[in-house]
file query.pdb (PDB, C-alpha atoms and all ligand atoms)
MODEL        1
ATOM      1  CA  MET J 225     -48.982  16.246  85.413
ATOM      2  CA  GLN J 226     -52.234  14.888  84.174
ATOM      3  CA  PHE J 227     -55.340  16.382  85.612
ATOM      4  CA  VAL J 228     -58.946  15.794  84.681
ATOM      5  CA  ASP J 229     -60.710  13.599  82.230
ATOM      6  CA  ARG J 230     -63.784  14.648  80.313
ATOM      7  CA  SER J 231     -66.057  13.937  83.255
ATOM      8  CA  GLY J 232     -64.025  16.180  85.520
ATOM      9  CA  GLN J 233     -62.336  13.432  87.539
ATOM     10  CA  VAL J 234     -58.723  13.809  88.672
ATOM     11  CA  VAL J 235     -57.213  11.085  86.577
ATOM     12  CA  GLU J 236     -53.757  10.830  88.052
ATOM     13  CA  GLU J 237     -55.118  10.834  91.564
ATOM     14  CA  ARG J 238     -57.494   8.036  90.638
ATOM     15  CA  ALA J 239     -54.680   6.034  89.044
ATOM     16  CA  HIS J 240     -52.599   6.631  92.127
ATOM     17  CA  VAL J 241     -55.308   5.327  94.411
ATOM     18  CA  ALA J 242     -55.686   2.279  92.200
ATOM     19  CA  SER J 243     -51.963   1.581  92.335
ATOM     20  CA  LEU J 244     -52.018   1.766  96.106
ATOM     21  CA  SER J 245     -54.836  -0.712  96.412
ATOM     22  CA  ARG J 246     -52.358  -3.497  95.828
ATOM     23  CA  PRO J 247     -48.954  -3.894  97.453
ATOM     24  CA  GLY J 248     -46.411  -1.859  95.551
ATOM     25  CA  PRO J 249     -43.133  -0.041  95.928
ATOM     26  CA  GLU J 250     -44.895   3.040  97.316
ATOM     27  CA  ARG J 251     -45.500   1.121 100.496
ATOM     28  CA  ARG J 252     -41.901   0.164 101.060
ATOM     29  CA  ALA J 253     -40.781   2.929 103.400
ATOM     30  CA  TRP J 254     -43.348   4.374 105.754
ATOM     31  CA  VAL J 255     -41.452   7.040 107.633
ATOM     32  CA  PRO J 256     -43.235  10.038 109.087
ATOM     33  CA  LEU J 257     -41.608  13.345 108.163
ATOM     34  CA  GLY J 258     -41.440  14.251 111.842
ATOM     35  CA  THR J 259     -38.857  11.581 112.661
ATOM     36  CA  LEU J 260     -36.377  13.271 110.402
ATOM     37  CA  ALA J 261     -35.637  16.254 112.629
ATOM     38  CA  GLY J 262     -31.956  17.117 112.520
ATOM     39  CA  VAL J 263     -31.667  16.131 108.899
ATOM     40  CA  LYS J 264     -31.519  19.131 106.595
ATOM     41  CA  GLN J 265     -34.199  18.654 104.010
ATOM     42  CA  LEU J 266     -35.668  20.732 101.232
ATOM     43  CA  HIS J 267     -39.373  20.090 100.717
ATOM     44  CA  LEU J 268     -40.683  20.828  97.242
ATOM     45  CA  ILE J 269     -44.439  20.889  96.780
ATOM     46  CA  ASP J 270     -46.307  20.234  93.561
ATOM     47  CA  GLY J 271     -48.800  23.011  94.210
ATOM     48  CA  THR J 272     -50.973  22.314  91.197
ATOM     49  CA  TYR J 273     -51.418  18.677  92.177
ATOM     50  CA  GLU J 274     -52.158  19.639  95.773
ATOM     51  CA  LEU J 275     -54.783  22.138  94.626
ATOM     52  CA  PHE J 276     -56.474  19.541  92.409
ATOM     53  CA  ARG J 277     -56.440  17.052  95.247
ATOM     54  CA  ALA J 278     -57.804  19.675  97.645
ATOM     55  CA  PHE J 279     -60.499  20.813  95.210
ATOM     56  CA  TYR J 280     -61.823  17.327  94.489
ATOM     57  CA  GLY J 281     -61.357  16.022  98.017
ATOM     58  CA  ALA J 282     -62.869  18.821 100.089
ATOM     59  CA  PRO J 283     -66.417  20.126 100.488
ATOM     60  CA  GLU J 284     -67.408  23.359  98.779
ATOM     61  CA  ARG J 285     -66.954  26.469 100.822
ATOM     62  CA  SER J 286     -67.839  30.114 100.246
ATOM     63  CA  ALA J 287     -65.839  33.159 101.236
ATOM     64  CA  PRO J 288     -67.813  36.022 102.865
ATOM     65  CA  ASP J 289     -68.052  37.661  99.422
ATOM     66  CA  GLY J 290     -69.433  34.470  97.885
ATOM     67  CA  ARG J 291     -66.318  33.208  96.045
ATOM     68  CA  GLU J 292     -65.813  29.437  96.056
ATOM     69  CA  VAL J 293     -62.729  28.750  98.200
ATOM     70  CA  GLY J 294     -63.081  25.092  99.254
ATOM     71  CA  GLY J 295     -59.930  23.998  97.444
ATOM     72  CA  VAL J 296     -57.842  26.862  98.771
ATOM     73  CA  TYR J 297     -59.001  26.219 102.325
ATOM     74  CA  SER J 298     -58.140  22.542 102.151
ATOM     75  CA  LEU J 299     -54.757  23.287 100.532
ATOM     76  CA  ALA J 300     -53.896  25.767 103.305
ATOM     77  CA  MET J 301     -55.053  23.326 105.972
ATOM     78  CA  SER J 302     -52.900  20.473 104.665
ATOM     79  CA  THR J 303     -49.884  22.735 104.131
ATOM     80  CA  LEU J 304     -50.114  24.025 107.706
ATOM     81  CA  GLY J 305     -50.221  20.388 108.835
ATOM     82  CA  MET J 306     -47.040  19.693 106.902
ATOM     83  CA  LEU J 307     -45.298  22.808 108.232
ATOM     84  CA  ALA J 308     -46.181  21.729 111.768
ATOM     85  CA  GLU J 309     -44.043  18.609 111.437
ATOM     86  CA  SER J 310     -40.607  18.816 112.939
ATOM     87  CA  GLY J 311     -37.857  18.652 110.389
ATOM     88  CA  VAL J 312     -39.629  20.875 107.912
ATOM     89  CA  THR J 313     -37.345  23.868 107.531
ATOM     90  CA  HIS J 314     -36.918  24.646 103.826
ATOM     91  CA  VAL J 315     -39.998  24.676 101.635
ATOM     92  CA  ALA J 316     -41.078  25.875  98.205
ATOM     93  CA  ALA J 317     -44.123  25.239  96.042
ATOM     94  CA  ALA J 318     -44.441  25.426  92.275
ATOM     95  CA  PHE J 319     -47.677  26.067  90.414
ATOM     96  CA  ASP J 320     -48.821  25.869  86.824
ATOM     97  CA  THR J 321     -50.071  29.434  86.715
ATOM     98  CA  VAL J 322     -51.323  28.509  83.268
ATOM     99  CA  ILE J 323     -51.593  24.891  82.089
ATOM    100  CA  GLU J 324     -50.138  25.554  78.640
ATOM    101  CA  SER J 325     -46.336  25.548  78.370
ATOM    102  CA  PHE J 326     -43.516  25.293  75.846
ATOM    103  CA  ARG J 327     -44.546  21.641  75.376
ATOM    104  CA  ASN J 328     -47.716  22.756  73.589
ATOM    105  CA  ASP J 329     -45.475  24.231  70.887
ATOM    106  CA  LEU J 330     -43.720  20.868  70.486
ATOM    107  CA  PHE J 331     -46.800  18.658  70.234
ATOM    108  CA  ALA J 332     -50.281  19.717  69.171
ATOM    109  CA  GLY J 333     -51.980  17.060  71.313
ATOM    110  CA  TYR J 334     -50.374  18.140  74.560
ATOM    111  CA  LYS J 335     -52.640  18.956  77.504
ATOM    112  CA  THR J 336     -54.314  22.322  77.763
ATOM    113  CA  GLY J 337     -56.431  24.105  80.346
ATOM    114  CA  GLU J 338     -59.508  23.215  78.344
ATOM    115  CA  GLY J 339     -61.941  21.003  80.251
ATOM    116  CA  ILE J 340     -60.794  22.111  83.685
ATOM    117  CA  ASP J 341     -63.690  22.999  85.969
ATOM    118  CA  PRO J 342     -63.990  26.838  85.955
ATOM    119  CA  GLU J 343     -64.524  26.761  89.701
ATOM    120  CA  LEU J 344     -61.148  25.056  90.031
ATOM    121  CA  LEU J 345     -59.405  27.342  87.544
ATOM    122  CA  ALA J 346     -60.693  30.323  89.527
ATOM    123  CA  GLN J 347     -58.756  29.005  92.542
ATOM    124  CA  PHE J 348     -55.359  28.786  90.787
ATOM    125  CA  ALA J 349     -54.289  32.331  91.702
ATOM    126  CA  PRO J 350     -55.837  32.234  95.214
ATOM    127  CA  ALA J 351     -53.960  28.968  95.855
ATOM    128  CA  GLU J 352     -50.635  30.627  95.041
ATOM    129  CA  GLU J 353     -51.614  33.534  97.285
ATOM    130  CA  ALA J 354     -52.455  31.091 100.087
ATOM    131  CA  MET J 355     -48.997  29.511  99.958
ATOM    132  CA  ARG J 356     -47.286  32.881  99.969
ATOM    133  CA  THR J 357     -49.459  33.957 102.888
ATOM    134  CA  LEU J 358     -48.218  30.927 104.828
ATOM    135  CA  GLY J 359     -44.666  32.143 104.224
ATOM    136  CA  VAL J 360     -43.864  29.525 101.572
ATOM    137  CA  THR J 361     -41.869  30.507  98.470
ATOM    138  CA  VAL J 362     -44.001  30.159  95.343
ATOM    139  CA  TRP J 363     -42.732  29.581  91.819
ATOM    140  CA  GLN J 364     -45.237  30.550  89.128
ATOM    141  CA  MET J 365     -44.899  28.641  85.891
ATOM    142  CA  TYR J 366     -45.942  30.080  82.537
ATOM    143  CA  GLU J 367     -43.469  28.845  79.904
ATOM    144  CA  PHE J 368     -42.377  25.879  81.991
ATOM    145  CA  GLU J 369     -44.416  23.445  84.072
ATOM    146  CA  THR J 370     -44.481  22.779  87.789
ATOM    147  CA  ASP J 371     -42.514  19.547  87.242
ATOM    148  CA  ASP J 372     -39.704  21.499  85.570
ATOM    149  CA  ALA J 373     -39.439  23.923  88.489
ATOM    150  CA  LEU J 374     -39.295  21.067  90.997
ATOM    151  CA  ALA J 375     -36.657  19.246  88.921
ATOM    152  CA  THR J 376     -34.564  22.399  88.556
ATOM    153  CA  ALA J 377     -34.752  23.147  92.280
ATOM    154  CA  ALA J 378     -34.022  19.536  93.278
ATOM    155  CA  GLU J 379     -30.843  19.382  91.236
ATOM    156  CA  ARG J 380     -29.744  22.902  92.090
ATOM    157  CA  PHE J 381     -30.023  22.531  95.858
ATOM    158  CA  VAL J 382     -29.391  18.829  96.440
ATOM    159  CA  ASP J 383     -25.709  19.313  97.293
ATOM    160  CA  GLU J 384     -26.604  21.848  99.986
ATOM    161  CA  VAL J 385     -28.990  19.590 101.931
ATOM    162  CA  ASP J 386     -29.134  16.043 103.251
ATOM    163  CA  ARG J 387     -32.197  15.252 101.230
ATOM    164  CA  VAL J 388     -34.686  16.751  98.787
ATOM    165  CA  VAL J 389     -38.255  15.561  99.300
ATOM    166  CA  ILE J 390     -40.604  16.117  96.374
ATOM    167  CA  HIS J 391     -44.226  16.062  97.446
ATOM    168  CA  THR J 392     -45.948  14.478  94.475
ATOM    169  CA  PRO J 393     -47.263  11.118  93.293
ATOM    170  CA  ASP J 394     -46.468  12.080  89.675
ATOM    171  CA  LYS J 395     -44.653   9.321  87.803
ATOM    172  CA  ASP J 396     -42.864  11.897  85.633
ATOM    173  CA  MET J 397     -40.888  12.904  88.703
ATOM    174  CA  SER J 398     -39.482   9.356  89.002
ATOM    175  CA  GLN J 399     -36.736  10.356  86.563
ATOM    176  CA  LEU J 400     -35.119  12.379  89.378
ATOM    177  CA  TYR J 401     -34.850   9.604  91.920
ATOM    178  CA  GLY J 402     -31.607   8.156  90.552
ATOM    179  CA  ASN J 403     -29.879  10.572  92.897
ATOM    180  CA  PRO J 404     -30.180   8.818  96.289
ATOM    181  CA  LYS J 405     -30.648  12.216  97.964
ATOM    182  CA  ILE J 406     -33.792  12.991  95.951
ATOM    183  CA  VAL J 407     -36.989  11.147  96.871
ATOM    184  CA  GLY J 408     -40.672  11.450  96.173
ATOM    185  CA  TYR J 409     -43.154  11.674  98.991
ATOM    186  CA  LEU J 410     -46.775  10.617  98.834
ATOM    187  CA  ARG J 411     -48.230  12.840 101.470
ATOM    188  CA  ARG J 412     -51.533  11.139 101.939
ATOM    189  CA  GLU J 413     -49.910   7.719 102.264
ATOM    190  CA  ARG J 414     -46.886   9.008 104.156
ATOM    191  CA  ALA J 415     -44.718   6.880 101.880
ATOM    192  CA  PHE J 416     -41.464   7.640 100.100
ATOM    193  CA  MET J 417     -40.433   6.695  96.577
ATOM    194  CA  ASP J 418     -36.762   6.198  95.751
ATOM    195  CA  GLY J 419     -34.678   4.802  92.893
ATOM    196  CA  ALA J 420     -35.185   1.214  94.040
ATOM    197  CA  GLY J 421     -38.909   1.845  94.174
ATOM    198  CA  VAL J 422     -38.830   3.147  90.609
ATOM    199  CA  ILE J 423     -37.088  -0.019  89.384
ATOM    200  CA  GLU J 424     -39.567  -2.145  91.312
ATOM    201  CA  LYS J 425     -42.573  -0.277  89.957
ATOM    202  CA  PHE J 426     -41.562   0.385  86.334
ATOM    203  CA  GLY J 427     -38.847  -2.201  85.706
ATOM    204  CA  VAL J 428     -36.390   0.475  84.594
ATOM    205  CA  PRO J 429     -34.045   2.803  86.482
ATOM    206  CA  PRO J 430     -34.949   6.497  86.911
ATOM    207  CA  GLU J 431     -32.763   7.657  84.010
ATOM    208  CA  SER J 432     -34.812   5.517  81.594
ATOM    209  CA  ILE J 433     -38.172   6.855  82.782
ATOM    210  CA  PRO J 434     -38.516   9.484  79.996
ATOM    211  CA  ASP J 435     -37.826   6.741  77.413
ATOM    212  CA  TYR J 436     -40.302   4.448  79.147
ATOM    213  CA  LEU J 437     -43.043   7.094  79.196
ATOM    214  CA  ALA J 438     -42.317   7.950  75.555
ATOM    215  CA  LEU J 439     -42.780   4.338  74.416
ATOM    216  CA  VAL J 440     -45.702   3.366  76.638
ATOM    217  CA  GLY J 441     -47.420   6.731  76.244
ATOM    218  CA  ASP J 442     -48.948   8.980  78.809
ATOM    219  CA  THR J 443     -52.542   8.404  77.948
ATOM    220  CA  ALA J 444     -54.018   8.874  81.399
ATOM    221  CA  THR J 445     -55.930  11.739  79.842
ATOM    222  CA  ALA J 446     -57.034  12.654  76.347
ATOM    223  CA  ASP J 447     -54.324  15.306  76.366
ATOM    224  CA  GLY J 448     -51.373  13.005  76.900
ATOM    225  CA  PHE J 449     -49.069  11.678  74.184
ATOM    226  CA  PRO J 450     -49.887   8.294  72.713
ATOM    227  CA  GLY J 451     -46.606   6.367  72.812
ATOM    228  CA  LEU J 452     -45.800   3.782  70.147
ATOM    229  CA  LYS J 453     -48.362   1.378  68.811
ATOM    230  CA  GLY J 454     -48.225  -1.971  70.593
ATOM    231  CA  TRP J 455     -45.553  -0.912  73.066
ATOM    232  CA  GLY J 456     -46.816  -1.704  76.540
ATOM    233  CA  ALA J 457     -45.325  -1.594  80.007
ATOM    234  CA  LYS J 458     -43.767  -5.065  79.795
ATOM    235  CA  SER J 459     -42.108  -4.845  76.381
ATOM    236  CA  SER J 460     -40.914  -1.284  77.000
ATOM    237  CA  SER J 461     -39.385  -2.028  80.381
ATOM    238  CA  THR J 462     -37.744  -5.235  79.130
ATOM    239  CA  LEU J 463     -36.056  -3.490  76.215
ATOM    240  CA  LEU J 464     -35.134  -0.355  78.155
ATOM    241  CA  ASP J 465     -33.762  -2.398  81.018
ATOM    242  CA  TRP J 466     -31.447  -3.944  78.422
ATOM    243  CA  TYR J 467     -30.678  -0.914  76.238
ATOM    244  CA  GLY J 468     -31.236   2.056  78.547
ATOM    245  CA  HIS J 469     -32.481   4.492  75.939
ATOM    246  CA  ILE J 470     -34.627   4.475  72.805
ATOM    247  CA  GLU J 471     -31.786   5.283  70.409
ATOM    248  CA  GLU J 472     -29.864   2.218  71.617
ATOM    249  CA  ILE J 473     -32.635  -0.195  70.601
ATOM    250  CA  PRO J 474     -31.706  -1.671  67.179
ATOM    251  CA  ASP J 475     -34.133  -1.295  64.284
ATOM    252  CA  ASP J 476     -33.858  -4.995  63.500
ATOM    253  CA  GLU J 477     -35.437  -7.220  66.138
ATOM    254  CA  SER J 478     -33.101 -10.084  65.251
ATOM    255  CA  GLU J 479     -30.333  -8.028  66.860
ATOM    256  CA  TRP J 480     -32.215  -7.557  70.141
ATOM    257  CA  GLY J 481     -30.406  -8.952  73.155
ATOM    258  CA  VAL J 482     -33.592  -9.825  75.030
ATOM    259  CA  LYS J 483     -36.698 -11.746  74.085
ATOM    260  CA  VAL J 484     -40.025  -9.915  74.035
ATOM    261  CA  ARG J 485     -43.398 -11.061  72.757
ATOM    262  CA  GLY J 486     -44.352  -9.712  69.356
ATOM    263  CA  ALA J 487     -40.817  -8.472  68.651
ATOM    264  CA  ALA J 488     -41.337  -8.122  64.872
ATOM    265  CA  ARG J 489     -44.440  -5.991  65.353
ATOM    266  CA  LEU J 490     -42.732  -3.858  68.002
ATOM    267  CA  ALA J 491     -39.647  -3.343  65.830
ATOM    268  CA  ALA J 492     -41.831  -2.286  62.913
ATOM    269  CA  ALA J 493     -43.626   0.260  65.103
ATOM    270  CA  LEU J 494     -40.261   1.531  66.322
ATOM    271  CA  ARG J 495     -38.819   1.886  62.807
ATOM    272  CA  GLU J 496     -41.946   3.754  61.799
ATOM    273  CA  GLY J 497     -42.241   5.888  64.919
ATOM    274  CA  ARG J 498     -38.710   6.474  66.138
ATOM    275  CA  ASP J 499     -38.916  10.230  65.574
ATOM    276  CA  ASP J 500     -42.259  10.404  67.356
ATOM    277  CA  ALA J 501     -40.828   8.445  70.270
ATOM    278  CA  LEU J 502     -37.926  10.870  70.577
ATOM    279  CA  LEU J 503     -40.369  13.782  70.550
ATOM    280  CA  PHE J 504     -42.488  12.111  73.240
ATOM    281  CA  ARG J 505     -39.323  11.597  75.253
ATOM    282  CA  GLU J 506     -38.564  15.289  74.995
ATOM    283  CA  LEU J 507     -42.086  16.005  76.294
ATOM    284  CA  ALA J 508     -41.535  13.593  79.172
ATOM    285  CA  THR J 509     -38.096  14.908  80.083
ATOM    286  CA  LEU J 510     -38.125  17.430  82.904
ATOM    287  CA  ARG J 511     -36.233  20.631  82.266
ATOM    288  CA  ARG J 512     -33.518  21.624  84.707
ATOM    289  CA  ASP J 513     -33.019  25.158  83.448
ATOM    290  CA  VAL J 514     -36.028  26.994  84.845
ATOM    291  CA  PRO J 515     -34.895  30.473  85.876
ATOM    292  CA  LEU J 516     -35.298  30.357  89.652
ATOM    293  CA  THR J 517     -33.632  33.240  91.440
ATOM    294  CA  GLU J 518     -33.740  32.028  95.051
ATOM    295  CA  SER J 519     -30.860  30.699  97.107
ATOM    296  CA  LEU J 520     -31.413  27.859  99.575
ATOM    297  CA  ASP J 521     -31.513  30.418 102.415
ATOM    298  CA  ASP J 522     -34.399  32.158 100.682
ATOM    299  CA  LEU J 523     -36.371  28.915 100.882
ATOM    300  CA  GLU J 524     -36.127  28.673 104.641
ATOM    301  CA  TRP J 525     -39.579  28.695 106.190
ATOM    302  CA  ARG J 526     -39.505  31.272 108.972
ATOM    303  CA  GLY J 527     -43.079  30.979 110.213
ATOM    304  CA  VAL J 528     -46.359  32.520 109.091
ATOM    305  CA  PRO J 529     -46.251  36.334 108.788
ATOM    306  CA  ARG J 530     -49.022  37.303 111.192
ATOM    307  CA  GLU J 531     -50.585  40.485 109.833
ATOM    308  CA  PRO J 532     -51.047  39.499 106.203
ATOM    309  CA  PHE J 533     -52.229  36.067 107.336
ATOM    310  CA  GLU J 534     -54.898  37.562 109.603
ATOM    311  CA  ALA J 535     -56.122  39.853 106.845
ATOM    312  CA  TRP J 536     -56.271  36.904 104.436
ATOM    313  CA  VAL J 537     -58.130  34.783 107.005
ATOM    314  CA  ARG J 538     -60.759  37.509 107.461
ATOM    315  CA  GLU J 539     -61.160  38.082 103.749
ATOM    316  CA  ASN J 540     -61.740  34.383 103.104
ATOM    317  CA  GLY J 541     -63.609  33.378 106.242
ATOM    318  CA  PHE J 542     -60.844  30.982 107.262
ATOM    319  CA  ASP J 543     -60.966  31.737 111.011
ATOM    320  CA  ARG J 544     -60.350  28.133 111.966
ATOM    321  CA  LEU J 545     -56.925  28.228 110.332
ATOM    322  CA  MET J 546     -55.682  30.626 113.043
ATOM    323  CA  GLU J 547     -55.323  27.815 115.545
ATOM    324  CA  ARG J 548     -53.475  25.651 112.986
ATOM    325  CA  VAL J 549     -50.508  27.964 112.649
ATOM    326  CA  PRO J 550     -47.504  26.133 114.131
ATOM    327  CA  ARG J 551     -45.218  29.174 114.301
ATOM    328  CA  TRP J 552     -45.476  32.908 113.667
ATOM    329  CA  ALA J 553     -42.754  34.732 111.822
TER     330      ALA J 553
HETATM  331 MN    MN B   1     -46.170  15.584  85.446
ENDMDL
END
call {"tool": "encode", "arguments": {"input": "query.pdb", "output": "C-alpha cells", "more": "lines below"}}
Ligand SMILES: [Mn+2]
result
Amino acid sequence: MQFVDRSGQVVEERAHVASLSRPGPERRAWVPLGTLAGVKQLHLIDGTYELFRAFYGAPERSAPDGREVGGVYSLAMSTLGMLAESGVTHVAAAFDTVIESFRNDLFAGYKTGEGIDPELLAQFAPAEEAMRTLGVTVWQMYEFETDDALATAAERFVDEVDRVVIHTPDKDMSQLYGNPKIVGYLRRERAFMDGAGVIEKFGVPPESIPDYLALVGDTATADGFPGLKGWGAKSSSTLLDWYGHIEEIPDDESEWGVKVRGAARLAAALREGRDDALLFRELATLRRDVPLTESLDDLEWRGVPREPFEAWVRENGFDRLMERVPRWA
C-alpha cells in the first residue's frame, strides 16, 4: 500500500478518487453487501488503509484523557456499519503494525514509516485494539505487510466459502482476482472489482499484475519503486498481454510479436534493467505464506463482546457507538 506524500496527503486514496471520476471498471458491478445473505463469504479488511482513510476523512476528536482518537472513532463507526449488513459472517482485518517489512531488506528505496503524521502513527495500535474490541480477528504484520496477510488468507480459505471479499482499493491486490471467487470491494463506492475489471482497467490479466507494476513502477509516493525507464502503462500492458511475464519478453525488439511505440528504446531499457524489473516484481508480488494460525471457524464474527466494548467506549468517549452495535456476543 502507498500512503502519504510529503505534504501528508493519502496518495492512493487520492489516485483512487481520481480514477473514479471517470467511468471505469470499478463501476461495473454495484451490488450492496446486504443482498448477498445466504452466500458464505469471508470479508478481509485492509485495516491500515481503512485507518488512513478514517484519519484523513474524519474530524479530530479527543478522548477524555486528551489523546487524539478521530481516526479510531471513524474506523470503528464504519466497521460497525459493515458488520450490520446481512451476509457478513466471517471477518478479519490485517494491519501494518509497523510499516517496514522484509521488502525493505530487498530494496533500499522501499517505503518506510518516515513522513507519516505522528498523530496518525499514534493511532495504529488503538486501531487494532478497536477492531479486536468489535470482535473482529486482527492480524498484526511486522515482517510481512497487510497485503500479504490478506493474500494468504484469501487463498487459504477460498475453497471453504462461496466468495472472498477483500475490502481495499489497492491495485496490488488485483493480482488475486484471477480466482473468480476472490473479489475486491471498494467500500465507499460499494463497487466490486473482479478479474474482468482488472483486464479492463490495466489491460492485463490478474496474474500479470506484478509484472505490470514492476515495469510501470509504483511511483505514487516517493517510497515506491521506479519501474523501467520509458515503460508506461500502454507499452507494458501491450507486451504483457502478449507475453504474460517479464522473462518471456525477448531482449531483441525485432522478435516482439506486437507493435509498440518506441520499441528500440524500450528493449534497450529492458536489456539494461531486466534484473531490476525482476526485483521490482518480487516487491510487487504478494506473499501467500504468512503464518496465520486461525481456521475459518475462528474468523466467524459472533457479535461485539459487551463488557470489554463498554469499557473501551468509556475510556475513549465513544458513547455514541453503543447504539451502532448490530449484535452483542
Ligand atoms: Mn499495497
call {"tool": "residues_near_ligand", "arguments": {"input": "query.pdb", "ligand": "ligand MN 1 (chain B)", "cutoff": "9 Å", "atoms": "all atoms listed in the file", "output": "PyMOL selection string"}}
result
chain J and resi 225-226+369-372+394-397+508+510
call {"tool": "closest_residue", "arguments": {"input": "query.pdb", "among": "J:Leu358, J:Met365, J:Val296, J:Ile470", "to": "J:Pro529", "atoms": "only C-alpha atoms"}}
result
J:Leu358
call {"tool": "closest_residue", "arguments": {"input": "query.pdb", "among": "J:Leu439, J:Val360, J:Leu502, J:Leu275", "to": "J:Leu523", "atoms": "only C-alpha atoms"}}
result
J:Val360
call {"tool": "atom_distance", "arguments": {"input": "query.pdb", "atom1": "atom CA of J:Ser461", "atom2": "atom CA of J:Leu437"}}
result
9.9 Å
call {"tool": "residues_around", "arguments": {"input": "query.pdb", "residues": "J:Ile390", "least_positions_apart": "2", "cutoff": "10 Å", "atoms": "only C-alpha atoms", "output": "VMD selection string"}}
result
chain J and resid 266 to 270 316 to 317 371 374 to 375 378 387 to 388 392 to 394 397 400 to 401 406 to 411 416 to 417
call {"tool": "resolve_selection", "arguments": {"input": "query.pdb", "expression": "the PyMOL selection byres (((chain J and resi 307) around 10) and not hetatm)", "output": "JSON, numbers by chain"}}
result
{"J": [267, 302, 303, 304, 305, 306, 308, 309, 310, 311, 312, 313, 314, 315, 358, 360, 525, 527, 528, 548, 549, 550, 551]}
call {"tool": "atom_distance", "arguments": {"input": "query.pdb", "atom1": "atom CA of J:Phe331", "atom2": "atom CA of J:Ala493"}}
result
19.4 Å
call {"tool": "decode", "arguments": {"input": "query.pdb", "residues": "stretch 374-386 of chain J", "atoms": "C-alpha atoms", "output": "mmCIF file, in the first residue's frame"}}
result
data_model
loop_
_atom_site.group_PDB
_atom_site.id
_atom_site.type_symbol
_atom_site.label_atom_id
_atom_site.label_comp_id
_atom_site.auth_asym_id
_atom_site.auth_seq_id
_atom_site.Cartn_x
_atom_site.Cartn_y
_atom_site.Cartn_z
ATOM 1 C CA LEU J 374 -4.919 -10.724 3.010
ATOM 2 C CA ALA J 375 -3.471 -12.695 0.077
ATOM 3 C CA THR J 376 -2.527 -15.615 2.322
ATOM 4 C CA ALA J 377 -5.968 -15.688 3.940
ATOM 5 C CA ALA J 378 -7.799 -15.339 0.610
ATOM 6 C CA GLU J 379 -6.038 -18.315 -0.922
ATOM 7 C CA ARG J 380 -6.138 -20.403 2.234
ATOM 8 C CA PHE J 381 -9.870 -20.063 2.850
ATOM 9 C CA VAL J 382 -11.310 -19.590 -0.635
ATOM 10 C CA ASP J 383 -12.251 -23.260 -1.040
ATOM 11 C CA GLU J 384 -14.242 -23.170 2.200
ATOM 12 C CA VAL J 385 -16.501 -20.245 1.240
ATOM 13 C CA ASP J 386 -18.578 -19.083 -1.706
#
